Structure formats: structure tokens, C-alpha cells
Protein chains: 6
Amino acid sequence: MPDLDTNLPSIRQIQSLIKEKKEVELKVVTGDLIAGKIFWQDSECLSVLDHYDRQTVIWKHAIVFIQPKA
Amino acid sequence: MPDLDTNLPSIRQIQSLIKEKKEVELKVVTGDLIAGKIFWQDSECLSVLDHYDRQTVIWKHAIVFIQPKA
Amino acid sequence: MPDLDTNLPSIRQIQSLIKEKKEVELKVVTGDLIAGKIFWQDSECLSVLDHYDRQTVIWKHAIVFIQPKA
Amino acid sequence: MPDLDTNLPSIRQIQSLIKEKKEVELKVVTGDLIAGKIFWQDSECLSVLDHYDRQTVIWKHAIVFIQPKA
Amino acid sequence: MPDLDTNLPSIRQIQSLIKEKKEVELKVVTGDLIAGKIFWQDSECLSVLDHYDRQTVIWKHAIVFIQPKA
Amino acid sequence: MPDLDTNLPSIRQIQSLIKEKKEVELKVVTGDLIAGKIFWQDSECLSVLDHYDRQTVIWKHAIVFIQPKA
């Protein structure tokens with residue numbers, strides 16, 4: 001199992017976003033922009049909850065960038 | 001053989017979707033949206049059954065995100 | 001050499017498609033849809049024969065999904 | 001943990017850009033051009049700060065190229 | 001060094017195309033179609049010579065499929 | 001550290017292009033064509049200098065092909 005490396009700044013930054021329940025925007029390779037709060041991450045995926053509590057599980061290999069919501 | 005890591009939240013969430021026969025939508029890198037019920041997963045692929053019981057085998061490297069059907 | 005893992009459901013499903021000479025459609029990352037019968041697979045590629053017995057060798061990293069022909 | 005290999009010229013060049021707070025442009029796979037100063041890098045991601053100090057965390061697998069700002 | 005695995009059918013098929021100097025068409029992820037004769041391959045790249053003996057070195061990760069010239 | 005494998009023909013060909021300061025064109029996954037002289041390579045990236053000595057650092061995972069300038 002590829003454990004989540006909690007020493008990596010990028011992994012820790014996402015852990016902070018989860019704890020602080022910050023609104024974020026995620027751009028994925030199809031060009032879609034997914035907005036919401038990150039709910040959990042593992043080594044493969046991120047889970048995002050939108051305003052309607054709908055959950056989207058996003059594969060990390062398909063993520064381009066993440067930003068605080070504008 | 002890269003076994004399916006059943007400790008990963010993302011793998012377990014998909015296992016739940018399989019057991020509960022939930023309708024899902026899968027976005028892939030070409031922008032196509034594939035709807036149906038997940039039938040099985042292994043470390044490489046997911047299999048989805050649509051309303052006509054037609055099976056689509058999707059490579060995980062091509063998946064962007066998965067959502068409960070709207 | 002990365003051997004073909006014949007314990008994986010996805011690998012075995014493709015092996016069945018080869019034996020049964022089923023007509024399939026393969027969607028690739030460029031959006032092209034390739035139709036024909038799968039002739040062989042290895043860990044890197046799939047080979048597909050069309051109606052004119054023209055062979056296309058497709059890299060697995062470029063495959064999005066495979067379906068029985070509609 | 002995949003440590004950052006500080007012997008690689010590409011890693012060191014990015015470390016220099018961080019120290020010198022150079023303005024750069026990053027092209028990503030969606031075609032977006034992200035401008036700003038690189039704030040940190042790890043083996044998975046780069047962080048870029050724009051003129052409004054908004055932080056964007058970019059996955060390295062999604063980066064095409066980096067240039068000094070024109 | 002990742003040696004070229006000459007036991008793989010896909011690697012051997014390309015070796016045959018090189019020996020027989022067959023005209024091929026290569027589709028890459030940008031949608032471009034590159035025509036010519038394969039000159040050499042290694043584990044990372046293929047080299048193709050066109051009618052003007054211009055050489056193109058193509059990364060295997062960017063290849064979608066290869067076909068005999070129509 | 002993934003050392004640059006100088007036994008690979010593709011790596012050596014790029015090393016030759018660097019020594020001979022040949023004008024090349026690089027196609028990347030976004031469809032952009034980058035022209036210039038290759039300045040250095042490591043296992044992750046290539047650096048290209050254009051006519052104005054502007055340096056572009058290109059990730060190898062994003063390169064489709066390289067050609068001598070037409």
C-alpha cells in the first residue's frame with residue numbers, strides 16, 4: 001500500500017484544507033472546475049463535498065491544480 | 001500483481017458503491033460521462049453496467065471523477 | 001518483464017474477448033473509436049483486427065474504455 | 001517517501017527560481033497559463049503565488065513547461 | 001536501465017516493422033498522425049523516418065496506436 | 001535518483017543534439033510547438049533556448065515528439 005506521505009508539504013497543505021473546511025476550486029484535466037470542501041484524501045483520490053453535500057471522488061492523476069475559492 | 005488495496009478509502013468507497021448498486025456517473029479524460037452501476041473493480045479497471053446491461057470496462061488511469069447520479 | 005497478470009479480472013475479461021472473437025469498440029484518449037476483434041494483448045498493448053483484417057496496435061495507457069459493439 | 005532529488009538540474013533550477021523570487025509562467029495540460037512566483041516545491045507539486053498572494057498548488061504531472069515571465 | 005523486453009509481442013511486432021521497413025502511421029495524443037518507417041525503438045522512444053528522411057523521435061507515452069499505412 | 005541512462009539511443013540522440021547545437025522543434029501535449037536549441041536534459045526535463053536566449057524548461061512526460069527544425 002502506498003501510504004499517504006504526511007511529510008510532503010503538498011499532502012500536509014491538503015490535510016490543512018480538510019481540517020479548516022476551506023472552500024476550494026479544483027481544476028481537472030478535462031478543464032472542469034470542481035468547487036467545494038475537501039472531505040478526505042488518500043494516495044489515489046480526493047473527495048470533495050459541494051453545497052448540496054454531493055460527494056465527488058476525484059483521482060489525483062487527473063488533478064491539474066487546487067486554489068482557494070475566488 | 002498489484003493487489004487491490006482494501007485499506008484505501010477510495011477503494012473501499014468503490015466497494016460500497018458495488019455492494020449498494022448505486023447509480024453513478026463517471027467522467028473520463030475524453031470528457032465522456034458514463035452512467036450506470038459499478039459491477040467490479042480491480043487495480044487496473046472498473047466495470048460499469050448501464051440500463052441495458054451493457055458492460056463498459058474503464059481503465060482507472062482514464063477516470064477523472066465519480067459522482068452519485070444527479 | 002512486467003508479465004501479464006492473469007489473475008486480474010480485467011486481464012481475464014480481455015482474454016475471453018480474444019477467445020470468443022467478440023466485436024468490440026475501444027475509445028482512446030484522442031476520442032477515436034476503434035472497432036474490431038481483439039487479436040492479442042500483452043502488458044503494454046492490445047492488437048485489434050478490423051473488417052479488412054487491418055491490424056491496429058493500441059497502447060493500453062491510451063485506452064479509455066472498451067465495450068461490446070453496439 | 002520520494003524525496004526531492006536536489007542533484008537533478010531541473011529540481012535545482014526550480015529551487016533557484018524560488019530563492020530569487022523570479023516571475024514565471026507555467027503552462028499546464030489544460031492549456032492554462034499560470035503566472036506568479038514559485039513559493040515551494042516537493043516531489044509531487046509546485047506552489048505558485050500570484051500578484052494578489054493567492055496560492056495555487058499545481059501537480060507536477062500536469063505541468064508542460066515553465067518560462068521566465070515575458 | 002529499463003531494457004527493451006524482447007519477449008513482449010508488442011516490442012517484437014515493432015522490431016519486425018523495423019526489419020521489414022514497413023510504412024506505418026502513428027497516432028499521438030495531440031491527434032497528429034505521423035507517417036513513415038520506424039528506424040529504431042528503445043524503452044522510451046520510437047524513431048520514424050518520413051519520405052524526406054527527416055527523423056522524428058516520438059515518446060512512447062504519447063503514442064495512441066500504430067497501423068500499417070492505409 | 002533516477003540517473004540519466006546514457007545507454008538509451010533516445011537519451012544519446014538528445015545528448016548529440018545538445019553538443020551540435022541543432023535547431024529543433026518540440027511538440028508538447030497541449031499542441032504547442034517549441035523551437036530552439038536544447039541546452040540540457042535530465043531524467044525529468046529538457047531545457048530549450050530560443051532565439052532571444054529565453055529558456056523554457058519542459059517536462060519529458062509532456063513531450064510528444066522532437067524533430068530537426070524544418
# chains A, B, ... in the order shown; residues from 1 in each chain; ligands from 1
call {"tool": "select_by_dssp", "arguments": {"residues": "chain F", "states": "strand (DSSP E or B)", "output": "ChimeraX atom specification"}}
result
/F:23-28,33-41,45-49,55-59,63-68
call {"tool": "interface_residues", "arguments": {"of": "chain B", "to": "chain A", "cutoff": "12 Å", "atoms": "only C-alpha atoms", "output": "PyMOL selection string"}}
result
chain B and resi 2-14+17+24-33+43+60-70
call {"tool": "atom_distance", "arguments": {"atom1": "CA of Ile34 (chain A)", "atom2": "CA of Val48 (chain A)"}}
result
8.1 Å
call {"tool": "residues_around", "arguments": {"residues": "Lys37 (chain E)", "least_positions_apart": "3", "cutoff": "6 Å", "atoms": "only C-alpha atoms", "output": "list of chain:residue names"}}
result
E:Lys21, E:Lys22, E:Glu23, E:Val48, E:Leu49
call {"tool": "atom_distance", "arguments": {"atom1": "CA of Ala35 (chain E)", "atom2": "CA of Phe39 (chain F)"}}
result
28.5 Å
call {"tool": "atom_distance", "arguments": {"atom1": "CA of Ser16 (chain E)", "atom2": "CA of Gly36 (chain E)"}}
result
14.7 Å
call {"tool": "select_by_dssp", "arguments": {"residues": "region 1-69 of chain A", "states": "helix (DSSP H, G or I)", "output": "VMD selection string"}}
result
chain A and resid 9 to 20 60 to 62
call {"tool": "decode", "arguments": {"residues": "region 23-59 of chain F", "atoms": "N, CA and C atoms", "output": "PDB file, in the first residue's frame"}}
result
ATOM      1  N   GLU F  23      19.073  23.203 -34.262  1.00  0.00           N
ATOM      2  CA  GLU F  23      17.731  23.775 -34.085  1.00  0.00           C
ATOM      3  C   GLU F  23      16.702  22.637 -34.122  1.00  0.00           C
ATOM      4  N   VAL F  24      15.857  22.574 -33.121  1.00  0.00           N
ATOM      5  CA  VAL F  24      14.826  21.536 -33.094  1.00  0.00           C
ATOM      6  C   VAL F  24      13.446  22.136 -32.848  1.00  0.00           C
ATOM      7  N   GLU F  25      12.439  21.315 -33.124  1.00  0.00           N
ATOM      8  CA  GLU F  25      11.056  21.643 -32.785  1.00  0.00           C
ATOM      9  C   GLU F  25      10.520  20.547 -31.882  1.00  0.00           C
ATOM     10  N   LEU F  26       9.916  20.972 -30.789  1.00  0.00           N
ATOM     11  CA  LEU F  26       9.350  20.028 -29.829  1.00  0.00           C
ATOM     12  C   LEU F  26       7.843  20.217 -29.768  1.00  0.00           C
ATOM     13  N   LYS F  27       7.110  19.141 -30.016  1.00  0.00           N
ATOM     14  CA  LYS F  27       5.647  19.210 -29.862  1.00  0.00           C
ATOM     15  C   LYS F  27       5.292  18.693 -28.472  1.00  0.00           C
ATOM     16  N   VAL F  28       4.442  19.455 -27.758  1.00  0.00           N
ATOM     17  CA  VAL F  28       4.018  19.027 -26.419  1.00  0.00           C
ATOM     18  C   VAL F  28       2.522  18.703 -26.401  1.00  0.00           C
ATOM     19  N   VAL F  29       2.056  18.085 -25.315  1.00  0.00           N
ATOM     20  CA  VAL F  29       0.697  17.555 -25.255  1.00  0.00           C
ATOM     21  C   VAL F  29      -0.407  18.592 -25.442  1.00  0.00           C
ATOM     22  N   THR F  30      -0.108  19.863 -25.183  1.00  0.00           N
ATOM     23  CA  THR F  30      -1.103  20.920 -25.409  1.00  0.00           C
ATOM     24  C   THR F  30      -1.194  21.302 -26.885  1.00  0.00           C
ATOM     25  N   GLY F  31      -0.292  20.737 -27.713  1.00  0.00           N
ATOM     26  CA  GLY F  31      -0.277  21.056 -29.137  1.00  0.00           C
ATOM     27  C   GLY F  31       0.716  22.170 -29.461  1.00  0.00           C
ATOM     28  N   ASP F  32       1.273  22.815 -28.448  1.00  0.00           N
ATOM     29  CA  ASP F  32       2.269  23.866 -28.693  1.00  0.00           C
ATOM     30  C   ASP F  32       3.524  23.272 -29.329  1.00  0.00           C
ATOM     31  N   LEU F  33       4.139  24.079 -30.213  1.00  0.00           N
ATOM     32  CA  LEU F  33       5.397  23.695 -30.855  1.00  0.00           C
ATOM     33  C   LEU F  33       6.474  24.640 -30.330  1.00  0.00           C
ATOM     34  N   ILE F  34       7.478  24.092 -29.674  1.00  0.00           N
ATOM     35  CA  ILE F  34       8.535  24.906 -29.070  1.00  0.00           C
ATOM     36  C   ILE F  34       9.798  24.740 -29.898  1.00  0.00           C
ATOM     37  N   ALA F  35      10.331  25.869 -30.404  1.00  0.00           N
ATOM     38  CA  ALA F  35      11.515  25.818 -31.272  1.00  0.00           C
ATOM     39  C   ALA F  35      12.726  26.409 -30.562  1.00  0.00           C
ATOM     40  N   GLY F  36      13.891  25.835 -30.823  1.00  0.00           N
ATOM     41  CA  GLY F  36      15.112  26.363 -30.232  1.00  0.00           C
ATOM     42  C   GLY F  36      16.194  25.304 -30.182  1.00  0.00           C
ATOM     43  N   LYS F  37      17.212  25.569 -29.363  1.00  0.00           N
ATOM     44  CA  LYS F  37      18.308  24.616 -29.184  1.00  0.00           C
ATOM     45  C   LYS F  37      18.211  24.006 -27.798  1.00  0.00           C
ATOM     46  N   ILE F  38      18.417  22.681 -27.741  1.00  0.00           N
ATOM     47  CA  ILE F  38      18.368  22.024 -26.426  1.00  0.00           C
ATOM     48  C   ILE F  38      19.639  22.395 -25.664  1.00  0.00           C
ATOM     49  N   PHE F  39      19.467  22.770 -24.415  1.00  0.00           N
ATOM     50  CA  PHE F  39      20.567  23.283 -23.614  1.00  0.00           C
ATOM     51  C   PHE F  39      21.054  22.208 -22.636  1.00  0.00           C
ATOM     52  N   TRP F  40      20.137  21.529 -21.976  1.00  0.00           N
ATOM     53  CA  TRP F  40      20.480  20.392 -21.122  1.00  0.00           C
ATOM     54  C   TRP F  40      19.258  19.489 -20.992  1.00  0.00           C
ATOM     55  N   GLN F  41      19.514  18.254 -20.524  1.00  0.00           N
ATOM     56  CA  GLN F  41      18.424  17.346 -20.179  1.00  0.00           C
ATOM     57  C   GLN F  41      18.778  16.665 -18.859  1.00  0.00           C
ATOM     58  N   ASP F  42      17.787  16.297 -18.090  1.00  0.00           N
ATOM     59  CA  ASP F  42      17.983  15.339 -17.007  1.00  0.00           C
ATOM     60  C   ASP F  42      16.864  14.309 -17.134  1.00  0.00           C
ATOM     61  N   SER F  43      16.697  13.448 -16.154  1.00  0.00           N
ATOM     62  CA  SER F  43      15.714  12.367 -16.303  1.00  0.00           C
ATOM     63  C   SER F  43      14.271  12.887 -16.315  1.00  0.00           C
ATOM     64  N   GLU F  44      14.048  14.106 -15.825  1.00  0.00           N
ATOM     65  CA  GLU F  44      12.708  14.670 -15.724  1.00  0.00           C
ATOM     66  C   GLU F  44      12.363  15.686 -16.809  1.00  0.00           C
ATOM     67  N   CYS F  45      13.362  16.495 -17.203  1.00  0.00           N
ATOM     68  CA  CYS F  45      13.092  17.674 -18.032  1.00  0.00           C
ATOM     69  C   CYS F  45      14.119  17.878 -19.149  1.00  0.00           C
ATOM     70  N   LEU F  46      13.732  18.731 -20.108  1.00  0.00           N
ATOM     71  CA  LEU F  46      14.637  19.263 -21.142  1.00  0.00           C
ATOM     72  C   LEU F  46      14.607  20.779 -21.013  1.00  0.00           C
ATOM     73  N   SER F  47      15.742  21.423 -21.286  1.00  0.00           N
ATOM     74  CA  SER F  47      15.759  22.876 -21.322  1.00  0.00           C
ATOM     75  C   SER F  47      16.024  23.324 -22.754  1.00  0.00           C
ATOM     76  N   VAL F  48      15.214  24.274 -23.261  1.00  0.00           N
ATOM     77  CA  VAL F  48      15.349  24.756 -24.642  1.00  0.00           C
ATOM     78  C   VAL F  48      15.577  26.266 -24.625  1.00  0.00           C
ATOM     79  N   LEU F  49      16.561  26.720 -25.416  1.00  0.00           N
ATOM     80  CA  LEU F  49      16.835  28.151 -25.563  1.00  0.00           C
ATOM     81  C   LEU F  49      16.324  28.629 -26.908  1.00  0.00           C
ATOM     82  N   ASP F  50      15.498  29.697 -26.916  1.00  0.00           N
ATOM     83  CA  ASP F  50      15.025  30.212 -28.200  1.00  0.00           C
ATOM     84  C   ASP F  50      15.973  31.299 -28.720  1.00  0.00           C
ATOM     85  N   HIS F  51      15.576  31.965 -29.832  1.00  0.00           N
ATOM     86  CA  HIS F  51      16.440  32.956 -30.486  1.00  0.00           C
ATOM     87  C   HIS F  51      16.776  34.148 -29.593  1.00  0.00           C
ATOM     88  N   TYR F  52      15.944  34.369 -28.591  1.00  0.00           N
ATOM     89  CA  TYR F  52      16.184  35.503 -27.677  1.00  0.00           C
ATOM     90  C   TYR F  52      16.853  35.030 -26.389  1.00  0.00           C
ATOM     91  N   ASP F  53      17.408  33.796 -26.427  1.00  0.00           N
ATOM     92  CA  ASP F  53      18.048  33.193 -25.250  1.00  0.00           C
ATOM     93  C   ASP F  53      17.103  33.051 -24.052  1.00  0.00           C
ATOM     94  N   ARG F  54      15.809  33.008 -24.346  1.00  0.00           N
ATOM     95  CA  ARG F  54      14.837  32.742 -23.292  1.00  0.00           C
ATOM     96  C   ARG F  54      14.809  31.229 -23.072  1.00  0.00           C
ATOM     97  N   GLN F  55      14.870  30.838 -21.813  1.00  0.00           N
ATOM     98  CA  GLN F  55      14.925  29.417 -21.508  1.00  0.00           C
ATOM     99  C   GLN F  55      13.552  28.864 -21.125  1.00  0.00           C
ATOM    100  N   THR F  56      13.188  27.735 -21.748  1.00  0.00           N
ATOM    101  CA  THR F  56      11.970  27.028 -21.378  1.00  0.00           C
ATOM    102  C   THR F  56      12.348  25.664 -20.816  1.00  0.00           C
ATOM    103  N   VAL F  57      11.876  25.353 -19.620  1.00  0.00           N
ATOM    104  CA  VAL F  57      12.115  24.023 -19.052  1.00  0.00           C
ATOM    105  C   VAL F  57      10.860  23.185 -19.293  1.00  0.00           C
ATOM    106  N   ILE F  58      11.024  22.104 -20.075  1.00  0.00           N
ATOM    107  CA  ILE F  58       9.889  21.277 -20.492  1.00  0.00           C
ATOM    108  C   ILE F  58       9.947  19.925 -19.781  1.00  0.00           C
ATOM    109  N   TRP F  59       8.827  19.505 -19.212  1.00  0.00           N
ATOM    110  CA  TRP F  59       8.779  18.186 -18.567  1.00  0.00           C
ATOM    111  C   TRP F  59       8.714  17.101 -19.654  1.00  0.00           C
TER     112      TRP F  59
END
